[in-house]
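Quick notes on the structure that follows.
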Amino acid sequence: MLATVEIEVKLTGSAAELSAAFDDLGGPRPTRERLLTVYYDTPEGHLRRRGFAVRIRSGSGFRELTLKRDEGDGLTRGEWTSRLPLATREDQTPRALRLPPDAPVNDLGIADAGALRPTFLTDIERTKKEVRTGDARVEASLDTGRISAGEREGRIAELELELLSGPVEDVLTGARALLEKRRLRIGTRSKAAQGTDLLLGTSSPAVRATRVKLYPADSIDGALAKVVRAASIQATGNLAPVLEGADAEGIHQLRVSLRRLRSALLFLKPHLGSRAAALNRDARHALRRLGPARDLDVFLLETLPPVIDANPGASSLPRLRDAARERRDAAHESARRLILSRRFNRFILDLLQVAHGGGLVVQDAGESLPKTARRRLNGRYRSLMKVASGFDHLSEPERHRVRISLKKLRYACDYSRTLFPGPAVDTYLRRLSALQDALGRLNDASVARRISQELAAADRRTAVAASRVVDWYERWACDAEPGLVESWRTFAATEPFW
């Protein structure tokens, strides 16, 4: 019996590029085997809802039962495996979860293995070899084949680099070298996740941020690595939703992950060096590429519909909507090209390397984390109060700067909240969030006016509709003004929790 933490980089692309990348790794003559794998769950999906997968894999002369738990970062998975006796055709379903003693069987939500049913299967031809990349010993597996769930079927083509021993950063460096040479991208969806989507007929769901828990005893570098890991989990989890394009939330949550990352890097900037600066540049570049798609999603899904509903006889508004859809589709295609680009995939690997190894802090690394956080929070707070001075009379562009400053403070508070426990934290964050939401709605209104004017400039037939949108949101901003000012006053009167 074997219990492991599996660390694996998955690369995807065309069969030809994957095969060439496999050859680029060098090493001994590879071996080939056919692997038949059946995945199991209850009809209610107890395992998938808890992030687990149970499978029985059969190959030449072996059969094994494996429990996996996806850690969500596209790199690390918990894995517990035990060998099973070779079975007859009638003995394919696990009658008992004979797993290593430390396997978290009690977390599965099932009383016994008899509740499990086959859900989907994979039929893979695996070509593998053991190679070295730096000081890491790596098993390279080239997998091609199919995945089947009932009458639905999909293809599998991926190159897996599983760390057997040595530093995590070396296997990531090896993957980075392949990305430089071949047209590949990082794969973040396990076969279990792909099979689940096939089974349910669903697409990859958007992934929201997870809360980071910092402790006073954490080093600054260790704390930042936690924050980067949370950002990497959210970022990698939203790559497939962006590529599949079925849900606008994927782009939104990817942008949130990048903003949270940049906020943390800027928050601790005096302690950081060139590696952090490079991550920040790449994150900023990605945000700029993703911005138009998000703005147009909000326009089409949130800010334009109430104007159309309030003007049912205005035939020009549907024309404006159609023009926005064309521009939105082009912006989403640009987002997908970003996700497929070498620069972005290198950035994701660099992100994973920091998440698992730290190493961004180069100055005053031994300073107390609470002391550092308090000093930096005070700096964020002073910056906000400076740009928000005379809030009642600020122009819209000036309030936009307040919104950006407030957002930076919000992320810093989210990261630091566990360092300063007490009831004041929730009160402060609740009022901060209310103000941020109010300013966000004001920004959405401003973006709606801008997009309408841009569309009208490109197509004069939409000019009347654009004018309606502009007028609508100018009136809305006037009506929202008293509530916005009151939200600011409530927040400004609240004592910071740190």
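Within each chain, counting starts at residue 1; across the structure tokens, chains are named A, B, ... in the order shown, with ligands numbered 1 upward in that order.
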
Shell of 12 Å around stretch 429-438 of chain A, only C-alpha atoms, local chain residues under 5 positions omitted, as JSON, numbers by chain
{"A": [381, 384, 399, 400, 401, 402, 403, 404, 405, 406, 407, 408, 409, 410, 411, 412, 413, 414, 415, 416, 417, 423, 424, 443, 444, 445, 477, 480, 481, 482, 483, 484, 485, 486, 487, 488, 489, 490, 491, 492, 493, 494, 495, 496, 497, 498]}

Exercise: A:Gly74 partners within 12 Å, only C-alpha atoms, chain neighbours under 4 positions left out, as number ranges by chain
A: 6-11, 69-70, 160, 172, 186-191, 193, 229-240, 348-349, 351-353, 355-356

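Atom CA of A:Arg475 lies 17.2 Å from atom CA of A:Ile451.
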
Residues at most 8 Å from A:Leu47, counting only C-alpha atoms, excluding those fewer than 6 positions away in the same chain, as a ChimeraX atom specification?
/A:41,53-54,108-109

Between atom CA of A:Asp350 and atom CA of A:Ser219, what distance in Å does the model show, to one decimal?
20.7 Å

For the structure I just gave you, how does DSSP split stretch 85-293 of chain A - specifically, which residues are strand (DSSP E or B)? Reply as a ChimeraX atom specification.
/A:117-133,136-149,152-165,185-187,272

If you keep C-alpha atoms, can you produce a file of those selected residues as a short mmCIF file (atom, residue, chain, number, x, y, z; two decimals), in the first residue's frame?
```
data_model
loop_
_atom_site.label_atom_id
_atom_site.label_comp_id
_atom_site.auth_asym_id
_atom_site.auth_seq_id
_atom_site.Cartn_x
_atom_site.Cartn_y
_atom_site.Cartn_z
CA ARG A 117 -21.27 2.94 -9.27
CA PRO A 118 -19.16 3.23 -12.44
CA THR A 119 -19.45 6.75 -13.85
CA PHE A 120 -16.96 7.02 -16.72
CA LEU A 121 -13.85 5.31 -18.03
CA THR A 122 -10.62 6.12 -19.80
CA ASP A 123 -8.81 3.94 -22.32
CA ILE A 124 -5.27 5.27 -22.61
CA GLU A 125 -2.10 4.29 -24.38
CA ARG A 126 0.69 5.53 -22.14
CA THR A 127 4.26 5.97 -23.33
CA LYS A 128 6.53 6.69 -20.39
CA LYS A 129 10.13 7.04 -19.34
CA GLU A 130 12.12 8.35 -16.42
CA VAL A 131 14.14 11.49 -17.08
CA ARG A 132 16.04 14.09 -15.11
CA THR A 133 15.43 17.82 -15.22
CA ALA A 136 14.59 16.37 -10.14
CA ARG A 137 13.84 12.78 -11.12
CA VAL A 138 10.70 12.83 -13.24
CA GLU A 139 8.38 10.27 -14.80
CA ALA A 140 7.28 11.59 -18.19
CA SER A 141 4.06 10.05 -19.51
CA LEU A 142 2.60 10.72 -22.94
CA ASP A 143 -1.10 9.79 -22.78
CA THR A 144 -3.36 9.43 -25.80
CA GLY A 145 -6.76 7.83 -25.92
CA ARG A 146 -10.40 8.42 -25.09
CA ILE A 147 -12.66 9.13 -22.18
CA SER A 148 -16.23 7.80 -22.21
CA ALA A 149 -19.32 8.51 -20.12
CA ARG A 152 -20.58 10.77 -24.66
CA GLU A 153 -16.95 10.49 -25.61
CA GLY A 154 -13.92 12.79 -25.66
CA ARG A 155 -10.27 12.57 -26.64
CA ILE A 156 -7.30 12.71 -24.32
CA ALA A 157 -3.87 13.96 -25.38
CA GLU A 158 -1.51 15.20 -22.68
CA LEU A 159 2.03 15.02 -21.40
CA GLU A 160 2.42 14.52 -17.67
CA LEU A 161 5.62 15.28 -15.77
CA GLU A 162 5.34 13.63 -12.35
CA LEU A 163 7.97 14.46 -9.75
CA LEU A 164 9.49 11.30 -8.29
CA SER A 165 12.17 12.99 -6.22
CA ARG A 185 -0.06 25.02 -22.68
CA ILE A 186 -0.50 24.02 -19.07
CA GLY A 187 -3.35 21.59 -18.49
CA LEU A 272 10.61 42.15 -2.82
#
```

Enumerate the residues of stretch 127-265 of chain A with a DSSP assignment of alpha helix (DSSP H), computed from the backbone, and present them as a ChimeraX atom specification.
/A:168-181,191-200,220-237,239-244,249-265

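From atom CA of A:Met385 back to atom CA of A:Ala276, the distance works out to 27.2 Å.
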
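For the set A:Ala278, A:Arg382, A:Tyr39, A:Ser395, the residue with the smallest atom-to-atom gap to A:Ala192 is A:Tyr39, counting only C-alpha atoms.
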
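For the choices A:Cys478, A:Leu199, A:Leu25, A:Leu67, the atom-to-atom distance to A:Gly150 is smallest for A:Leu199 when using only C-alpha atoms.
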
For A:Val256, work out the shell of residues within 12 Å, counting only C-alpha atoms and skipping chain neighbours fewer than 2 positions away, then give it as a PyMOL selection string.
chain A and resi 206-210+230-235+238+249-254+258-263+283-284+286-287+290-291+294+407-408+411

Next, the residues of the selection above should be written as a PDB file, in the first residue's frame with C-alpha atoms.
```
ATOM      1  CA  ALA A 206     -15.575  29.299 -12.443  1.00  0.00           C
ATOM      2  CA  VAL A 207     -13.445  29.194  -9.286  1.00  0.00           C
ATOM      3  CA  ARG A 208     -13.729  31.855  -6.603  1.00  0.00           C
ATOM      4  CA  ALA A 209     -11.029  33.043  -4.226  1.00  0.00           C
ATOM      5  CA  THR A 210     -10.238  31.043  -1.112  1.00  0.00           C
ATOM      6  CA  ALA A 230      -4.368  31.077  -3.172  1.00  0.00           C
ATOM      7  CA  ALA A 231      -4.057  33.280  -6.261  1.00  0.00           C
ATOM      8  CA  SER A 232      -2.585  30.399  -8.271  1.00  0.00           C
ATOM      9  CA  ILE A 233      -5.446  28.092  -7.266  1.00  0.00           C
ATOM     10  CA  GLN A 234      -7.991  30.647  -8.410  1.00  0.00           C
ATOM     11  CA  ALA A 235      -6.064  31.509 -11.586  1.00  0.00           C
ATOM     12  CA  ASN A 238     -10.364  29.571 -14.250  1.00  0.00           C
ATOM     13  CA  GLU A 249     -17.768  34.349 -14.701  1.00  0.00           C
ATOM     14  CA  GLY A 250     -14.529  32.569 -15.653  1.00  0.00           C
ATOM     15  CA  ILE A 251     -12.956  35.746 -17.034  1.00  0.00           C
ATOM     16  CA  HIS A 252     -14.183  37.731 -14.051  1.00  0.00           C
ATOM     17  CA  GLN A 253     -12.707  35.319 -11.508  1.00  0.00           C
ATOM     18  CA  LEU A 254      -9.427  35.055 -13.424  1.00  0.00           C
ATOM     19  CA  LEU A 258      -4.658  38.515 -10.873  1.00  0.00           C
ATOM     20  CA  ARG A 259      -5.769  41.656  -9.053  1.00  0.00           C
ATOM     21  CA  ARG A 260      -5.394  39.928  -5.702  1.00  0.00           C
ATOM     22  CA  LEU A 261      -1.916  38.782  -6.694  1.00  0.00           C
ATOM     23  CA  ARG A 262      -0.833  42.248  -7.810  1.00  0.00           C
ATOM     24  CA  SER A 263      -2.270  43.779  -4.664  1.00  0.00           C
ATOM     25  CA  ALA A 283      -0.196  39.896 -14.208  1.00  0.00           C
ATOM     26  CA  ARG A 284      -0.731  43.499 -15.299  1.00  0.00           C
ATOM     27  CA  ALA A 286      -2.919  39.747 -18.572  1.00  0.00           C
ATOM     28  CA  LEU A 287      -5.362  42.070 -16.815  1.00  0.00           C
ATOM     29  CA  LEU A 290      -8.815  40.477 -20.192  1.00  0.00           C
ATOM     30  CA  GLY A 291     -10.320  43.870 -19.355  1.00  0.00           C
ATOM     31  CA  ARG A 294     -15.071  41.701 -18.731  1.00  0.00           C
ATOM     32  CA  LYS A 407      -9.776  47.928  -3.603  1.00  0.00           C
ATOM     33  CA  LYS A 408      -6.084  47.730  -2.722  1.00  0.00           C
ATOM     34  CA  TYR A 411      -7.366  42.974  -0.525  1.00  0.00           C
TER      35      TYR A 411
END
```

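By only C-alpha atoms, and with residues fewer than 5 positions from A:Pro306 along its chain excluded, the set lying at most 12 Å from it is Phe299, Leu300, Leu301, Asn311, Pro312, Leu317, Ala445, Ala448, Arg468, Val469, Trp472, Tyr473 and Trp476 of chain A.
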
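Of the listed residues (A:Leu243, A:Ala21, A:Leu214, A:Val354), A:Leu214 comes nearest to A:Pro421; the distances count only C-alpha atoms.
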
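Each of A:Lys269, A:Arg275, A:Arg255, A:Arg83 was checked against A:Thr372 using only C-alpha atoms; the smallest atom-to-atom distance is that of A:Lys269.
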
So that each row is one residue of stretch 205-249 of chain A with an atom at most 8 Å from stretch 359-370 of chain A, can you give its shortest atom pair and the distance in Å to one decimal, using only C-alpha atoms, rows by chain and rising number, as a tab-separated table?
```
residue	atom	partner	partner_atom	distance
A:Pro216	CA	A:Pro370	CA	5.8
A:Ala217	CA	A:Leu369	CA	7.3
A:Asp218	CA	A:Leu369	CA	6.6
A:Ser219	CA	A:Leu369	CA	6.2
A:Ile220	CA	A:Leu369	CA	5.6
A:Asp221	CA	A:Val361	CA	5.3
A:Leu224	CA	A:Leu360	CA	7.9
```

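You can rank A:Ser316, A:Arg289, A:Thr12, A:Leu265 by their closest distance to A:Arg337 using only C-alpha atoms, and at the top of that list sits A:Arg289.
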